[in-house]
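Peer 1: Please find one structure pasted underneath; my questions will follow.
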Amino acid sequence: MTENLEDIKLKIEKLREEINHHNYLYYVLDAPEISDAEYDKLMHTLQDLEKKYPLFVTTDSPTQRVGAAPAQAFGVVEHRVPLLSLADVGNDVELDAWHNRITRLLVGEKFDLVCEHKIDGLAIALTYINGKLVVGATRGDGTRGEDITQNIRTIRSIPLTLPRSSPRQFEVRGEVYLPKSGFKKVNEEREAEGLPLFANPRNAAAGSVRQLDPRITARRPLDMYIYHLGWIEGSPVKETHWENLQYLKSLGFKINPRNRLVDNIEQAKEYYREWSEKRDSLVYEADGIVIKVNQHRLQEQLGAVGREPRWAIAYKFPPIEGTTLLKSIEISVGRTGTLNPIAVLDPPLAVGGVVISRAALHNEDDIRRKDIHVGDTVVVRRAGDVIPEVVGPTKHTKHERDFSLLETIHGRCPSCDSEVFRIEGEVMYYCTNAACPAQLQEHLQHFASRAAMDIRGIGESMAATLIREKVVRQGDVYRPVQDVGDIYSIDKEKLAALERMGEKSAAKLLAQIENSKDRPLARLLFGLGIRHIGEEMAERLVKRFLSIDDLQSASFEELTSVSTIGPKIAESVLSFFKVERNKVIIDKLRKAGVRLAQKEITAGRRTLEGMEFVITGKLKSFSREEAEERIKSLGGSAKSDVTKKTNYLVVGEDPGSKVERAQTMGIKQIDENDLLRMLKDGE
């Protein structure tokens, strides 16, 4: 007996309510009731139902948080009530002056205060209508902001739907931020991609929510605290700010549990001193506290001066910094090959309860811009878990030459003694050696990643084990893995003897390694980790140079003749193949039987020229990678996402949401047999 549509709809709605409840417990209250596996099961059930019954998919479903298609551009949102900026003070005298002013203006009125953390993030306004999030906007100039609704929907601590008891229409305001751990992770990823690093968590949060592609926002661990009720219709405003916060909390909004209601300005000062000392323990960056008059009636009476409310003030924390001598500059090698100048401080500096003997100098250009020299007295600033940095000099040394990174390291990598290079237009120098010990674990993980050689058993833990344990046989001795080429010489018995492995797990991993030998050349090229060579660029290179040998012998002119490959990428490829140890890795791969060439596409066989395919679900005749390679061999292209340019969606077993997207866009769907016929016609 089949279920009717009304039953299906009720089942979906019940699942959504249950998932929203667990999202609230996990992301807002930090008190989960079920395991990750149980939560995943609920989500998978909902996803399956929505795939089967797409007519019931709604924008406020928990499945839609992962990010929709890229926005063409941000629209403008007119703020119904302006988002004001706060004036700030830096000491108790200035705070007392503010408090005395408002006390005089209120003429004998008694009032209490609310103290909140001033989080280093981005102010956002959220509008709800009939219990659903309809608009998310930035502060902008206070009266007009950017419409970032699609991106805001990806932040899991923001409710997409509210209880039926919620007001008919209202707006809340809060701060979107990146936790310290998230800020560190985002900058590590940007460093790996050769992108400029975010200067601070606020810039990182702003850059994250202003992505044109919401899927990028969804991958970043953003969070949000609500700190104000902007306006409301259909329900009375509470008498105090504190009551409003508690009310918003009851609706499911995330309110900072560190907020405090105090009776007077002296208690506000105590709150400030407490968190000034404990700021390092916070999971987010905070640069002060905000003190607000609690009573709304008195807030309205005080009003604003320009764009600053009289009834609130920001009391800024003192910067965590100090001065000491810059003894020398050393160079460390980052996990992605970057050469990073490090300041050696003497005497070590005690800042915020932590003794600092080394601090970041970022890059050579930054050192020269700040006019920093060895022997200078410098200002060192520390911000939470972020690496301490040298802000600049306060006193110069005499007769000291400008810093030169190349002179400091004599033109060689301090970790492996390989040649280093800097591409014109970039600020960082890089080690070109794919076997550099400082980068090896990251290289192994990248090489084994799904987009590269797809060796499922080599993750972070296993990569660390392989470069630590003696598992590679070399003659009569065993040694740890020293480069990605060694993966194919791992000894089965040594692998099985490792802790938590055993014969069955070892055999499974070695089978994965063996299967990777026949991966397409473009995947190998991507897996080698050549700077600026992503998946798409690797495909372009393979179409022009049909083997590693051809690519290795290519000239600068030949490389730049390839579409979209400019001087920067060409120099990166040339630098990679100049390094002798990289040549050794290629030889190891060749001896292991790894595929190093691509079949040439001859004239007359490009029957799929100009056709774009997307595959969803499992195929019986071959793997998705093999199917994509055969499509490309006949001149077609294979993409991962359905767009207006897609000609065919190949639907296998257990397809995903791409089927629904293709239907709405009018894209032709074919099955595996149709694809096989098209491939056979071209052979």
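Each chain of the structure tokens is named A, B, ... in the order shown, its residues numbered from 1; ligands are numbered from 1 in display order.
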Can you pull out the residues contacting Pro655 of chain A? Cut-off 9 Å, using only C-alpha atoms, and skip same-chain residues under 2 positions away; I want them as a PyMOL selection string.

Peer 2: chain A and resi 51+615-618+651-653+657-659

Peer 1: Could the residues in this selection be written to a file with N, CA and C atoms, as a short mmCIF file (atom, residue, chain, number, x, y, z; two decimals), in the first residue's frame?

Peer 2:
```cif
data_model
loop_
_atom_site.label_atom_id
_atom_site.label_comp_id
_atom_site.auth_asym_id
_atom_site.auth_seq_id
_atom_site.Cartn_x
_atom_site.Cartn_y
_atom_site.Cartn_z
N LYS A 51 14.23 14.24 -2.34
CA LYS A 51 14.63 13.87 -3.70
C LYS A 51 13.49 13.15 -4.42
N ILE A 615 27.41 13.64 -14.27
CA ILE A 615 27.00 12.29 -13.85
C ILE A 615 26.54 12.33 -12.40
N THR A 616 25.41 11.70 -12.13
CA THR A 616 24.92 11.59 -10.75
C THR A 616 24.53 10.15 -10.47
N GLY A 617 24.85 9.66 -9.28
CA GLY A 617 24.54 8.27 -8.94
C GLY A 617 25.65 7.32 -9.37
N LYS A 618 25.45 6.03 -9.07
CA LYS A 618 26.45 5.00 -9.37
C LYS A 618 26.20 4.38 -10.74
N VAL A 651 22.10 9.76 -15.42
CA VAL A 651 21.50 9.35 -14.15
C VAL A 651 21.77 7.88 -13.89
N GLY A 652 22.55 7.61 -12.84
CA GLY A 652 22.82 6.25 -12.43
C GLY A 652 21.94 5.83 -11.26
N GLU A 653 22.37 4.80 -10.52
CA GLU A 653 21.61 4.34 -9.37
C GLU A 653 21.77 5.30 -8.20
N SER A 657 20.44 15.24 -5.83
CA SER A 657 19.54 16.37 -6.09
C SER A 657 19.75 16.99 -7.46
N LYS A 658 20.80 16.56 -8.17
CA LYS A 658 21.04 17.12 -9.50
C LYS A 658 19.90 16.79 -10.47
N VAL A 659 19.18 15.69 -10.21
CA VAL A 659 18.05 15.31 -11.06
C VAL A 659 16.98 16.39 -11.02
#
```

Peer 1: Using backbone DSSP assignments, extract all strand (DSSP E) residues from segment 342-508 of chain A; output them as JSON, numbers by chain.

Peer 2: {"A": [342, 343, 344, 345, 346, 347, 348, 349, 350, 351, 354, 355, 356, 357, 358, 359, 360, 377, 378, 379, 380, 381, 382, 383, 386, 387, 388, 389, 390, 391, 392, 393, 394, 395, 420, 421, 430, 431, 472, 473, 474, 477, 478, 479]}

Peer 1: Name all residues at most 10 Å from Arg260 of chain A (count only C-alpha atoms; drop same-chain ones fewer than 4 positions away) and give them as a list in words.

Peer 2: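 In the requested form, the answer reads Leu113, Val114, Cys115, Glu116, His117, Trp242, Asn256, Gln267, Ala268, Tyr271 and Ile291 of chain A.
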
Peer 1: Using only C-alpha atoms, which residue out of A:Ile569, A:Met462, A:Leu589, A:Val344 lies closest to Tyr488 of chain A?

Peer 2: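 Of the candidates, the smallest distance to Tyr488 of chain A is held by A:Leu589.
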
Peer 1: Name all residues at most 12 Å from Ser516 of chain A (count only C-alpha atoms; drop same-chain ones fewer than 2 positions away) and give them as an MDAnalysis selection string.

Peer 2: chainID A and resid 447:457 487:488 509:514 518:521 523:524 527 589 592:596 625

Peer 1: Can you measure atom CA of Arg144 of chain A to atom CA of Val77 of chain A for me? One decimal in Å is fine.

Peer 2: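 Atom-to-atom, atom CA of Arg144 of chain A and atom CA of Val77 of chain A are spaced 5.5 Å apart.
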
Peer 1: For the helix (DSSP H, G or I) assignment from backbone DSSP, which residues of segment 318-399 of chain A qualify? Please present them as a VMD selection string.

Peer 2: chain A and resid 364 to 369

Peer 1: Could the residues in this selection be saved with C-alpha atoms as a tab-separated table (two decimals), in the first residue's frame?

Peer 2:
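This went into again00.tsv:
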```tsv
chain	number	residue	atom	x	y	z
A	364	GLU	CA	59.62	40.20	3.05
A	365	ASP	CA	57.49	42.95	1.50
A	366	ASP	CA	55.66	43.50	4.80
A	367	ILE	CA	58.95	43.75	6.69
A	368	ARG	CA	60.21	46.43	4.30
A	369	ARG	CA	56.90	48.29	4.28
```

Peer 1: Using only C-alpha atoms, determine which residues lie at most 8 Å from Leu326 of chain A, disregarding the query and same-chain residues fewer than 4 positions distant; provide the list as a list in words.

Peer 2: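 Result of the neighbour search: Ala343, Val344, Leu345, Asp346, His373, Val374, Gly375, Asp376, Thr377 and Val378 of chain A.
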
Peer 1: Using C-alpha atoms, can you export the residues from the last selection as a CSV table (one decimal), in the first residue's frame?

Peer 2:
```
chain,number,residue,atom,x,y,z
A,343,ALA,CA,61.1,37.3,14.5
A,344,VAL,CA,63.4,36.0,17.3
A,345,LEU,CA,62.8,38.3,20.4
A,346,ASP,CA,65.4,38.9,23.1
A,373,HIS,CA,65.4,45.8,10.9
A,374,VAL,CA,67.3,43.3,13.1
A,375,GLY,CA,68.3,45.2,16.2
A,376,ASP,CA,65.2,47.4,16.3
A,377,THR,CA,63.0,47.8,19.4
A,378,VAL,CA,59.7,46.5,18.1
```

Peer 1: At what distance in Å, to one decimal, does atom CA of Ala123 of chain A lie from atom CA of Val176 of chain A?

Peer 2: 6.4 Å

Peer 1: List the neighbours of segment 84-87 of chain A out to 8 Å using only C-alpha atoms; skip same-chain residues closer than 2 positions along the sequence, and give me the result as a ChimeraX atom specification.

Peer 2: /A:82,89,142,307-309,312-314

Peer 1: In Å, rounded to a single decimal, give me how far atom CA of Asp483 of chain A is from atom CA of Gln439 of chain A.

Peer 2: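 According to the coordinates, atom CA of Gln439 of chain A and atom CA of Asp483 of chain A are separated by 9.7 Å.
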
Peer 1: At a cut-off of 12 Å, using only C-alpha atoms, what residues contact segment 506-508 of chain A? Leave out same-chain residues fewer than 6 positions from it and give the result as a PyMOL selection string.

Peer 2: chain A and resi 455-458+462+471+490-500+514-515
